[in-house]
Structure formats: structure tokens, C-alpha cells
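> Here you go, this is coords_26.txt (compact mmCIF, C-alpha atoms).
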# COMPACT_ATOMS: atom_id res chain seq x y z
CA MET R 1 -49.23 -76.78 -14.54
CA ASN R 2 -49.40 -73.34 -13.03
CA ALA R 3 -47.97 -70.51 -15.05
CA ALA R 4 -45.50 -69.33 -12.43
CA SER R 5 -43.55 -72.56 -12.29
CA THR R 6 -43.37 -73.06 -16.04
CA LEU R 7 -42.21 -69.50 -16.56
CA THR R 8 -39.50 -69.43 -13.94
CA ALA R 9 -38.41 -73.05 -13.79
CA PRO R 10 -35.65 -74.19 -16.11
CA LEU R 11 -36.41 -76.88 -18.68
CA LEU R 12 -33.93 -79.55 -17.72
CA ALA R 13 -32.37 -82.21 -19.89
CA LEU R 14 -31.87 -85.06 -17.44
CA SER R 15 -29.94 -88.10 -18.64
CA ALA R 16 -30.30 -91.60 -17.22
CA GLY R 17 -27.10 -90.89 -15.32
CA ASP R 18 -28.72 -87.86 -13.69
CA TRP R 19 -31.69 -89.92 -12.54
CA LEU R 20 -29.31 -92.51 -11.15
CA GLN R 21 -27.43 -89.77 -9.34
CA LEU R 22 -30.69 -88.50 -7.84
CA PHE R 23 -31.54 -92.02 -6.69
CA LEU R 24 -28.07 -92.59 -5.20
CA TYR R 25 -28.21 -89.25 -3.44
CA TYR R 26 -31.44 -90.20 -1.65
CA LEU R 27 -30.12 -93.68 -0.89
CA SER R 28 -27.11 -92.12 0.80
CA LEU R 29 -29.30 -89.74 2.77
CA SER R 30 -31.67 -92.41 4.02
CA LEU R 31 -29.61 -93.82 6.86
CA LEU R 32 -28.59 -90.32 7.97
CA ALA R 33 -32.21 -89.25 8.47
CA VAL R 34 -32.38 -89.95 12.19
CA GLY R 35 -35.31 -88.14 13.75
CA GLY R 36 -37.33 -87.51 10.64
CA ALA R 37 -36.56 -86.65 7.06
CA ILE R 38 -37.22 -82.94 7.61
CA ALA R 39 -33.91 -82.73 9.50
CA THR R 40 -32.09 -83.45 6.24
CA ALA R 41 -33.95 -80.77 4.25
CA PRO R 42 -31.01 -78.32 4.37
CA ASP R 43 -28.80 -80.88 2.69
CA MET R 44 -31.42 -81.51 0.00
CA HIS R 45 -31.50 -77.79 -0.66
CA ARG R 46 -27.72 -77.79 -1.07
CA PHE R 47 -27.87 -80.69 -3.55
CA LEU R 48 -31.03 -80.00 -5.57
CA VAL R 49 -31.06 -76.20 -5.70
CA GLU R 50 -27.50 -75.01 -5.20
CA ARG R 51 -25.37 -77.73 -6.75
CA GLN R 52 -27.49 -79.31 -9.50
CA ALA R 53 -29.96 -76.45 -10.10
CA TRP R 54 -32.66 -79.04 -10.73
CA LEU R 55 -35.15 -77.02 -8.63
CA THR R 56 -35.71 -73.32 -8.04
CA ASP R 57 -35.80 -71.86 -4.54
CA PRO R 58 -39.58 -71.15 -4.65
CA GLN R 59 -40.23 -74.72 -5.82
CA PHE R 60 -38.19 -76.08 -2.93
CA ASN R 61 -39.92 -73.94 -0.32
CA ALA R 62 -43.41 -74.57 -1.72
CA SER R 63 -42.80 -78.33 -1.67
CA ILE R 64 -42.06 -78.23 2.05
CA ALA R 65 -44.93 -75.86 2.84
CA ILE R 66 -47.50 -77.93 0.95
CA ALA R 67 -46.40 -81.23 2.50
CA GLN R 68 -46.58 -79.67 5.98
CA ALA R 69 -50.08 -78.35 5.35
CA ALA R 70 -51.38 -81.57 3.80
CA PRO R 71 -52.52 -84.60 5.80
CA GLY R 72 -50.16 -87.53 6.06
CA PRO R 73 -46.51 -88.03 6.92
CA ASN R 74 -44.24 -85.03 6.42
CA VAL R 75 -41.82 -87.19 4.41
CA LEU R 76 -44.12 -86.59 1.42
CA PHE R 77 -42.27 -83.31 0.83
CA ILE R 78 -39.56 -85.51 -0.71
CA ALA R 79 -42.11 -86.93 -3.13
CA LEU R 80 -43.02 -83.36 -4.12
CA LEU R 81 -39.37 -82.43 -4.62
CA GLY R 82 -39.01 -85.41 -6.98
CA TRP R 83 -42.27 -84.51 -8.71
CA ASN R 84 -41.02 -80.98 -9.37
CA VAL R 85 -37.65 -82.20 -10.68
CA GLY R 86 -39.58 -84.39 -13.13
CA LEU R 87 -41.84 -81.49 -14.14
CA ASN R 88 -38.81 -79.34 -14.81
CA ALA R 89 -37.35 -82.09 -16.97
CA GLY R 90 -40.53 -82.89 -18.90
CA GLY R 91 -42.03 -79.46 -19.32
CA PRO R 92 -45.80 -78.86 -19.38
CA GLY R 93 -48.22 -81.55 -20.46
CA LEU R 94 -48.13 -85.31 -20.31
CA ALA R 95 -44.33 -85.66 -20.52
CA GLY R 96 -43.99 -83.52 -17.42
CA TRP R 97 -46.54 -85.59 -15.51
CA LEU R 98 -44.86 -88.84 -16.48
CA LEU R 99 -41.39 -87.64 -15.55
CA GLY R 100 -42.89 -86.15 -12.40
CA ALA R 101 -44.10 -89.61 -11.43
CA VAL R 102 -40.65 -91.02 -12.20
CA GLY R 103 -38.97 -88.34 -10.07
CA MET R 104 -41.37 -89.02 -7.23
CA ALA R 105 -40.71 -92.76 -7.32
CA VAL R 106 -36.94 -92.32 -7.56
CA CYS R 107 -36.78 -89.99 -4.55
CA MET R 108 -39.22 -91.90 -2.33
CA LEU R 109 -37.66 -95.29 -3.04
CA GLY R 110 -34.21 -93.86 -2.42
CA ILE R 111 -35.05 -92.23 0.91
CA MET R 112 -37.16 -95.13 2.20
CA LEU R 113 -35.50 -98.37 1.05
CA PRO R 114 -32.36 -98.49 3.23
CA SER R 115 -33.97 -97.15 6.40
CA SER R 116 -37.10 -99.29 6.03
CA LEU R 117 -35.11 -102.48 5.47
CA LEU R 118 -32.96 -101.69 8.48
CA THR R 119 -35.99 -100.93 10.65
CA TRP R 120 -37.77 -104.05 9.47
CA THR R 121 -34.90 -106.44 10.21
CA ALA R 122 -33.84 -104.73 13.44
CA THR R 123 -37.32 -104.58 14.94
CA ARG R 124 -38.01 -108.21 13.99
CA TRP R 125 -34.89 -109.18 15.90
CA GLY R 126 -35.95 -106.91 18.75
CA HIS R 127 -39.41 -108.47 18.91
CA ARG R 128 -38.06 -112.03 18.94
CA ASN R 129 -35.71 -111.04 21.74
CA ARG R 130 -38.14 -108.79 23.60
CA GLU R 131 -37.60 -110.56 26.93
CA ARG R 132 -33.87 -109.86 26.90
CA ARG R 133 -32.73 -107.42 29.53
CA GLY R 134 -30.95 -105.25 26.96
CA VAL R 135 -33.98 -104.94 24.68
CA ARG R 136 -36.33 -104.17 27.59
CA ALA R 137 -33.90 -101.63 29.02
CA PHE R 138 -33.65 -99.90 25.64
CA LYS R 139 -37.39 -99.69 25.02
CA GLN R 140 -38.39 -98.72 28.55
CA GLY R 141 -35.41 -96.44 29.10
CA MET R 142 -36.17 -94.43 25.98
CA ALA R 143 -39.81 -93.88 26.98
CA PRO R 144 -39.35 -90.74 29.16
CA VAL R 145 -36.96 -89.25 26.59
CA VAL R 146 -39.37 -89.83 23.73
CA ILE R 147 -42.20 -88.22 25.70
CA GLY R 148 -39.94 -85.27 26.48
CA LEU R 149 -39.26 -84.95 22.75
CA LEU R 150 -42.99 -84.78 22.02
CA LEU R 151 -43.53 -81.98 24.52
CA ALA R 152 -40.47 -80.12 23.21
CA THR R 153 -41.64 -80.50 19.59
CA SER R 154 -44.98 -79.01 20.55
CA TRP R 155 -43.24 -76.11 22.27
CA VAL R 156 -40.96 -75.45 19.29
CA LEU R 157 -43.89 -75.55 16.84
CA THR R 158 -45.89 -73.04 18.89
CA ARG R 159 -42.87 -70.81 19.47
CA ALA R 160 -42.38 -70.51 15.70
CA HIS R 161 -45.48 -68.26 15.63
CA GLY R 162 -44.00 -65.80 18.14
CA SER R 163 -43.60 -65.38 21.89
CA PRO R 164 -46.58 -65.92 24.24
CA ALA R 165 -46.80 -62.14 24.71
CA THR R 166 -47.13 -61.23 21.04
CA ALA R 167 -48.81 -64.35 19.64
CA TRP R 168 -51.02 -65.13 22.64
CA PRO R 169 -54.03 -66.32 20.60
CA VAL R 170 -51.90 -69.05 19.02
CA TRP R 171 -50.56 -70.12 22.41
CA LEU R 172 -54.06 -70.08 23.87
CA LEU R 173 -55.40 -72.23 21.05
CA SER R 174 -52.54 -74.71 21.53
CA ALA R 175 -53.15 -74.81 25.28
CA VAL R 176 -56.89 -75.39 24.88
CA THR R 177 -56.15 -78.20 22.44
CA VAL R 178 -53.79 -79.84 24.94
CA VAL R 179 -56.57 -79.92 27.55
CA LEU R 180 -59.14 -81.22 25.04
CA VAL R 181 -56.89 -84.04 23.84
CA TRP R 182 -55.87 -84.97 27.35
CA ARG R 183 -59.27 -84.80 29.02
CA THR R 184 -61.91 -85.48 26.34
CA LYS R 185 -62.64 -87.94 23.56
CA LEU R 186 -63.49 -85.16 21.09
CA HIS R 187 -62.54 -86.18 17.57
CA LEU R 188 -59.26 -84.68 16.42
CA LEU R 189 -60.76 -83.50 13.14
CA TRP R 190 -63.17 -81.19 15.03
CA MET R 191 -60.21 -79.55 16.71
CA LEU R 192 -58.30 -79.15 13.44
CA GLY R 193 -61.40 -77.78 11.74
CA ALA R 194 -61.98 -75.29 14.54
CA GLY R 195 -58.35 -74.21 14.29
CA ALA R 196 -58.68 -73.70 10.53
CA VAL R 197 -61.83 -71.60 10.92
CA LEU R 198 -60.40 -69.50 13.76
CA GLY R 199 -57.30 -68.89 11.66
CA ALA R 200 -59.20 -68.13 8.44
CA VAL R 201 -61.37 -65.46 10.09
CA GLY R 202 -58.24 -63.92 11.59
CA TRP R 203 -58.75 -64.60 15.30
CA VAL R 204 -55.60 -66.62 15.71
CA MET T 1 -26.72 -115.98 18.69
CA ALA T 2 -28.55 -118.80 20.47
CA SER T 3 -32.00 -118.98 18.99
CA ALA T 4 -34.39 -120.07 21.72
CA THR T 5 -34.51 -118.29 25.03
CA ASP T 6 -36.80 -120.15 27.37
CA PHE T 7 -39.94 -118.33 28.36
CA SER T 8 -41.52 -119.82 31.43
CA SER T 9 -44.50 -117.52 31.06
CA PRO T 10 -46.94 -117.62 28.15
CA ALA T 11 -46.71 -115.06 25.36
CA PRO T 12 -47.39 -111.60 26.76
CA THR T 13 -50.16 -110.69 24.35
CA ALA T 14 -53.54 -111.59 25.78
CA PRO T 15 -55.61 -113.72 23.39
CA LEU T 16 -58.68 -111.48 23.63
CA ARG T 17 -56.91 -108.34 22.48
CA PRO T 18 -58.45 -106.84 19.29
CA GLN T 19 -56.29 -107.22 16.21
CA PRO T 20 -56.39 -106.15 12.58
CA ARG T 21 -58.36 -108.75 10.64
CA SER T 22 -56.28 -108.73 7.46
CA PRO T 23 -53.63 -106.76 5.59
CA ALA T 24 -56.49 -104.94 3.89
CA ASP T 25 -57.81 -103.90 7.32
CA LEU T 26 -54.30 -102.58 8.11
CA PHE T 27 -54.18 -100.72 4.80
CA TRP T 28 -57.50 -98.91 5.34
CA SER T 29 -56.82 -98.25 9.03
CA PHE T 30 -53.52 -96.58 8.19
CA THR T 31 -55.06 -94.72 5.26
CA TRP T 32 -57.75 -93.32 7.53
CA LEU T 33 -55.33 -92.23 10.21
CA ALA T 34 -52.86 -90.76 7.72
CA LEU T 35 -55.61 -88.65 6.13
CA GLN T 36 -56.50 -87.21 9.55
CA GLY T 37 -52.90 -86.32 10.32
CA PHE T 38 -52.46 -82.66 9.46
CA GLY T 39 -48.98 -81.55 10.43
CA GLY T 40 -47.98 -84.96 11.74
CA VAL T 41 -49.61 -88.31 12.20
CA LEU T 42 -48.45 -89.25 15.69
CA ALA T 43 -51.39 -87.88 17.68
CA VAL T 44 -53.82 -89.65 15.37
CA VAL T 45 -51.94 -92.95 15.60
CA GLN T 46 -52.24 -92.89 19.39
CA ARG T 47 -55.92 -91.96 19.26
CA GLU T 48 -56.88 -94.56 16.64
CA LEU T 49 -54.68 -97.55 17.47
CA VAL T 50 -54.62 -97.27 21.26
CA GLU T 51 -57.91 -95.65 22.24
CA LYS T 52 -60.30 -96.63 19.46
CA LYS T 53 -59.06 -99.95 18.06
CA ARG T 54 -57.19 -101.05 21.22
CA TRP T 55 -54.58 -102.93 19.20
CA MET T 56 -51.97 -101.80 21.71
CA THR T 57 -51.69 -100.19 25.15
CA ASN T 58 -50.22 -96.77 25.82
CA GLU T 59 -47.09 -98.38 27.29
CA GLU T 60 -46.58 -100.50 24.18
CA PHE T 61 -47.20 -97.48 21.99
CA VAL T 62 -44.47 -95.46 23.75
CA GLU T 63 -42.02 -98.34 23.38
CA GLU T 64 -42.77 -98.80 19.67
CA TRP T 65 -42.58 -95.07 19.12
CA ALA T 66 -39.19 -94.93 20.85
CA VAL T 67 -37.84 -97.54 18.45
CA ALA T 68 -39.43 -95.88 15.39
CA GLN T 69 -37.90 -92.60 16.49
CA ILE T 70 -34.36 -93.86 16.98
CA MET T 71 -34.17 -95.85 13.75
CA PRO T 72 -33.15 -93.83 10.70
CA GLY T 73 -35.91 -92.88 8.30
CA PRO T 74 -39.26 -91.13 8.71
CA ASN T 75 -40.64 -92.20 12.07
CA VAL T 76 -44.27 -92.78 11.09
CA VAL T 77 -43.06 -94.84 8.14
CA ASN T 78 -40.98 -96.92 10.55
CA LEU T 79 -43.93 -97.22 12.91
CA SER T 80 -46.27 -98.50 10.19
CA ILE T 81 -43.69 -101.07 9.09
CA MET T 82 -43.22 -102.26 12.67
CA ILE T 83 -46.93 -102.54 13.47
CA GLY T 84 -47.83 -104.11 10.13
CA ASP T 85 -45.04 -106.67 10.44
CA ARG T 86 -46.14 -107.60 13.95
CA TYR T 87 -49.47 -108.94 12.65
CA PHE T 88 -48.92 -110.16 9.10
CA GLY T 89 -45.17 -110.17 8.53
CA LEU T 90 -43.83 -108.55 5.39
CA ARG T 91 -47.30 -108.41 3.80
CA GLY T 92 -48.62 -106.52 6.80
CA ALA T 93 -45.65 -104.14 6.81
CA LEU T 94 -46.18 -103.31 3.15
CA ALA T 95 -49.95 -102.96 3.59
CA ALA T 96 -49.57 -100.53 6.50
CA LEU T 97 -46.86 -98.58 4.68
CA ALA T 98 -48.93 -98.36 1.50
CA GLY T 99 -51.90 -97.17 3.55
CA MET T 100 -49.79 -94.49 5.20
CA LEU T 101 -48.50 -93.14 1.86
CA THR T 102 -50.87 -93.78 -1.07
CA PHE T 103 -53.84 -91.50 -0.48
CA PRO T 104 -51.87 -88.75 1.28
CA LEU T 105 -49.58 -88.72 -1.77
CA ILE T 106 -52.54 -88.15 -4.07
CA VAL T 107 -53.80 -85.35 -1.81
CA VAL T 108 -50.38 -83.71 -1.72
CA LEU T 109 -50.10 -83.80 -5.51
CA ALA T 110 -53.57 -82.34 -5.89
CA LEU T 111 -52.68 -79.58 -3.43
CA ALA T 112 -49.44 -78.86 -5.27
CA THR T 113 -51.32 -78.32 -8.53
CA VAL T 114 -53.79 -75.83 -7.02
CA TYR T 115 -51.37 -74.27 -4.55
CA ALA T 116 -50.43 -71.30 -6.72
CA GLN T 117 -53.99 -69.95 -6.81
CA PHE T 118 -54.46 -69.94 -3.04
CA ALA T 119 -50.99 -69.52 -1.57
CA SER T 120 -51.24 -65.74 -1.32
CA HIS T 121 -54.78 -65.67 0.10
CA PRO T 122 -54.69 -64.32 3.68
CA ALA T 123 -57.52 -66.57 4.87
CA MET T 124 -55.55 -69.59 3.63
CA ALA T 125 -52.45 -68.51 5.53
CA GLY T 126 -54.62 -67.90 8.60
CA ALA T 127 -56.24 -71.32 8.38
CA LEU T 128 -52.85 -72.97 8.15
CA ARG T 129 -51.65 -71.02 11.18
CA GLY T 130 -54.70 -72.07 13.17
CA MET T 131 -54.26 -75.71 12.22
CA GLY T 132 -50.57 -75.47 13.11
CA ALA T 133 -51.47 -74.26 16.59
CA VAL T 134 -53.94 -77.12 17.04
CA THR T 135 -51.34 -79.62 15.80
CA ALA T 136 -48.85 -78.39 18.38
CA GLY T 137 -51.52 -78.85 21.06
CA LEU T 138 -52.35 -82.35 19.84
CA ILE T 139 -48.74 -83.43 20.14
CA ALA T 140 -48.37 -82.08 23.68
CA GLY T 141 -51.71 -83.58 24.71
CA VAL T 142 -50.61 -87.02 23.55
CA GLY T 143 -47.28 -86.54 25.33
CA ILE T 144 -49.03 -85.80 28.62
CA LYS T 145 -51.40 -88.71 28.19
CA LEU T 146 -48.56 -91.11 27.45
CA PHE T 147 -46.65 -89.83 30.43
CA ALA T 148 -49.61 -90.44 32.71
CA SER T 149 -49.82 -94.00 31.40
CA ILE T 150 -46.30 -94.93 32.53
CA THR T 151 -47.13 -96.12 36.01
CA ASN T 152 -44.67 -98.88 36.82
CA HIS T 153 -41.52 -97.83 35.04
CA PRO T 154 -38.36 -99.41 36.48
CA LEU T 155 -36.82 -95.96 36.99
CA GLY T 156 -39.71 -94.69 39.11
CA ARG T 157 -41.69 -91.54 38.54
CA PRO T 158 -39.22 -88.86 39.77
CA LEU T 159 -36.42 -90.11 37.52
CA CYS T 160 -38.80 -90.36 34.56
CA VAL T 161 -39.86 -86.74 35.10
CA ALA T 162 -36.21 -85.72 35.35
CA PHE T 163 -35.30 -87.38 32.05
CA ALA T 164 -38.32 -85.89 30.27
CA VAL T 165 -37.54 -82.39 31.57
CA LEU T 166 -33.88 -82.77 30.63
CA THR T 167 -34.94 -83.71 27.09
CA ILE T 168 -37.27 -80.71 26.80
CA VAL T 169 -34.55 -78.33 27.98
CA ALA T 170 -31.96 -79.85 25.64
CA MET T 171 -34.21 -79.64 22.61
CA ALA T 172 -36.26 -76.46 23.14
CA TRP T 173 -33.69 -74.24 24.85
CA LEU T 174 -30.20 -75.62 24.26
CA ARG T 175 -31.20 -76.72 20.74
CA TRP T 176 -29.08 -79.82 20.77
CA PRO T 177 -29.17 -81.93 17.61
CA LEU T 178 -31.61 -84.82 17.99
CA LEU T 179 -28.83 -87.40 17.68
CA TRP T 180 -27.05 -86.00 20.76
CA ILE T 181 -30.27 -86.11 22.76
CA LEU T 182 -31.02 -89.70 21.77
CA LEU T 183 -27.46 -90.87 22.38
CA GLY T 184 -26.70 -88.76 25.46
CA ILE T 185 -29.89 -88.48 27.49
CA GLY T 186 -31.47 -91.59 25.94
CA GLY T 187 -28.29 -93.60 26.49
CA ALA T 188 -28.14 -92.58 30.15
CA ALA T 189 -31.81 -93.45 30.67
CA CYS T 190 -31.35 -96.87 29.05
CA LEU T 191 -28.25 -97.60 31.10
CA LEU T 192 -30.01 -96.75 34.37
CA THR T 193 -33.04 -98.81 33.35
CA TRP T 194 -30.74 -101.70 32.48
CA ARG T 195 -29.25 -101.61 35.99
CA LYS T 196 -32.70 -101.47 37.63
CA LEU T 197 -33.84 -104.46 35.57
CA ALA T 198 -31.05 -106.58 37.08
CA PRO T 199 -32.28 -110.14 37.45
What's the C-alpha cells form of this structure?

Amino acid sequence: MNAASTLTAPLLALSAGDWLQLFLYYLSLSLLAVGGAIATAPDMHRFLVERQAWLTDPQFNASIAIAQAAPGPNVLFIALLGWNVGLNAGGPGLAGWLLGAVGMAVCMLGIMLPSSLLTWTATRWGHRNRERRGVRAFKQGMAPVVIGLLLATSWVLTRAHGSPATAWPVWLLSAVTVVLVWRTKLHLLWMLGAGAVLGAVGWV
Amino acid sequence: MASATDFSSPAPTAPLRPQPRSPADLFWSFTWLALQGFGGVLAVVQRELVEKKRWMTNEEFVEEWAVAQIMPGPNVVNLSIMIGDRYFGLRGALAALAGMLTFPLIVVLALATVYAQFASHPAMAGALRGMGAVTAGLIAGVGIKLFASITNHPLGRPLCVAFAVLTIVAMAWLRWPLLWILLGIGGAACLLTWRKLAP
């Protein structure tokens, strides 16, 4: 592993009870994660960094940053948090990798099992009863709200880079992308690639 | 709960609609779309499943997304479970979920092991910023497209616009917690829709 993390991270001695506690913690968080797991990140910081000291602050922040930058669902930052807890417990080398895999599995199973089971059973019921007035009202009624959430999310993401006056290249790039997605069939990867190049050469 | 409601009309899915051929097809489809999803998978799901594969219409996609969003848990995880289950039951749900997570997980781990070397590089930070801006645009573009696709909503267009704008204001300016928005604004929208759907 990289030198920085092995130098600064503590070597943990995690007992079976500690692993169980980690698993139970994520189980308890699962049903609270309404609107995406990232909303519960502050609580994970409280538990993993502040209370248990199983992770360092830089490890926590890097886990989130890497998962955001990587392709795939953002929930993978939880897998990285578990991976790093395992690395801290196993130290460098094979033991660290093995415990990293254990930590990853413990955290992902914990965060996903309860919510996935609930979603699976609830949506099966909803699909069997899709002609019911209540089910139709729920699905159709939520549609404008969900679309509003998408537009707001986009706005919040762009705003994080600064106001339109100071960060106008970022806003312009976002706006051009909106038009391209809306009006053309251009492959999304071309747009992402163009964004990466524009950013890397410092235009955005 | 009485089991059988009588449907006088045939099942709403048209027989000629394209469908995933097998759980393996689901697995690779979701793998491919997850690997394209930088900074969020939603825009890619709409592009791939609605526009390319035509497994669902835009209206159906919005409805599924609404459910995936309101259920606890990561919303794209919920969405893959729901779509997979629709076609192949539990096997399909697991196949779609595995597709969504397996390869991205490997990529994330690989990135985490090389991250330290590149994290401080300014070009790397710039590239991430540029991709972040594009991601934001992708999400808004899909939102607009989905909005345009809602043509015969029971609430009618003006009320739909009003609810969408209300949601944007509540989230982006008032910074309400998501739960309030879903319960408050979403609840009101559902209630009104319920009344309009009166038999």
C-alpha cells in the first residue's frame, strides 16, 4: 500500500466483536439512508473516525473523493471505508488485503441488506397492485417532484465550484452539456472525456 | 389483502417490447452502464435502458426512479433490483445488482491503490472538475428530457411545473432535508394526483 497511509494510519487490533459492531452499525444505518447513502456520510465520520478511531480523517475524505471520481454508484465509498478499516487492521501485505476484503464485505452487506430486502418486497407488492388508485397516484404524483430533484441536484453540483460570475467556465460547460444531452444522441462518454480534457488543460 | 383484482384490459406491457434475454444479459447491461457512470449512474441508465435498449419508456422510467428514490438505500442499487426483478425475479434482481457493483468495485479499489501518486497533480484535479461539470449537465439534461416526456399527467402541465419548481427551490435555496421534500411536496403531489384519478 502507499507509504502515506501505512505511516499515518494506526495498526488496529480488531476483535470479532469489533467486526460485528461494524456490521451492526451499517445494518442500523441502512434504513435511514433515504435519498442516497452519501447523506449519511457525516454519521459514518462520527462513528468510524471520531468514536472508534478505526480510520484517519485523510482516509475518510480520500475514500469519498475516489468513489465520487470513479465510475459506478456512489455507494462504493462505503466499500472503500470498509477496505481501509481492514487495511488498518491487517497492516501492509497479504493480511491487510484479506482483512480489507472482509471489511468491504461487512460494510456493503450491512448497508445494503435491509434496504434492498425492503425495496424488493415493497416494489413486488407495488407491481402486483400497479392498477390500484393509491399505487398509481404515488408513482405518478412523485414524478414532477423527482424531476425537480434532478434539476436541483445538478444546480447544487455546479454551484459547488463557485458562483456563475467567478466560475463561469464550469457553468458554461454544464450548460453546453445540458443542451447536448437534451438535443443530441452524442455518446455520454464523449462528453465526459471532453470535460476531463478541458479540465486537465486548465480551461475549466 | 384480497389477492386478485380484476383487470378487464390485457397486461399493459406490449408483447413486442424489447426485453433482456437472460440474467446474464442483465448483468452485462448493468455492468456496462455502471462503468460509464462517472459521478452518478442515473443519466446513463436513462440513455441505455430507455433510448438504446427500449426496455422501458420515459414515463415508466420516471415512475421507477421515483420509487427507487423514496425507498431507503442507494437509489441506483434499488433501481437495479427493481428492474432485474421485473424480468427474472430474484435471479434477475441479483444479476442486475451484481452487474452494477462488481466491476465498478474493482475499478474503485484499483484507483484507491494508485490515488496517492496522482491526488496532488493539478491536471488530475482539473480533469475531475471538468468531469464534475459535465456530470451536473448530464443530470439536468435527463431531467429536462424526462419532463418533456410527461405529456398526459393527471395533474396537468401547469401543476407539474409548479411542483417541480417548488422542489428545486426547497432543495437548492431553502436547503430542506430530502425527507421533508419527499414527504411534504411529494405527499401533496401524490394526494392531488390521487384525487384527480378518482374513478
> Excluding Ala65 (chain R) and any residue of its chain fewer than 3 positions from it, enumerate the residues within 12 Å of it, using all atoms listed in the file, and give them as a PyMOL selection string.
(chain R and resi 38+58-62+68-71+74-78+80-81) or (chain T and resi 39+108+111-112+115-116+119+125+128-129+132)
> Up to 6 Å from chain T, what residues of chain R turn up? Count all atoms listed in the file and give them as number ranges by chain.
R: 31, 33-37, 68, 70-73, 115, 137-139, 141-148, 150-152, 154, 157, 170, 174, 177-178, 181-182, 192, 195-196, 199-200
> My list of candidates is T:Trp176, T:Leu16, T:Thr151, T:Ala24. Which is closest to Gly99 (chain T) when distances are computed with only C-alpha atoms?
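Selected residue with least distance to Gly99 (chain T): T:Ala24.
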> Find the spatial neighbours of Leu27 (chain R), counting only C-alpha atoms, within a cut-off of 10 Å - ignore same-chain residues fewer than 6 positions away - and output them as a PyMOL selection string.
chain R and resi 21+106-115
> Could you work out how far CA of Asp57 (chain R) lies from CA of His45 (chain R), giving the answer in Å with one decimal?
8.3 Å
> Between R:Arg46, R:Lys185, R:Leu99, R:Arg130, which is the closest to Ala16 (chain R) once you count all atoms listed in the file?
R:Leu99
> Determine the nearest neighbour of Ser116 (chain R) from the options T:Thr57, T:Gln19, T:Ser80, T:Ser29, counting only C-alpha atoms.
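Of all the options, T:Ser80 lies closest to Ser116 (chain R).
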> Counting all atoms listed in the file, I want the residues whose atoms come within 12 Å of (-32.1, -81.0, -4.6) in the file frame, returned as a PyMOL selection string.
chain R and resi 18-19+21-23+25-26+29+40-57+59-61+63+77-86+103+107
> Any idea what the distance is between CA of Trp180 (chain T) and CA of Gly162 (chain R)?
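Atom-to-atom, CA of Trp180 (chain T) and CA of Gly162 (chain R) are spaced 26.5 Å apart.
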> Provide the CA of Arg136 (chain R) to CA of Ser22 (chain T) distance in Å, to one decimal place.
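Between CA of Arg136 (chain R) and CA of Ser22 (chain T) the gap works out to 28.7 Å.
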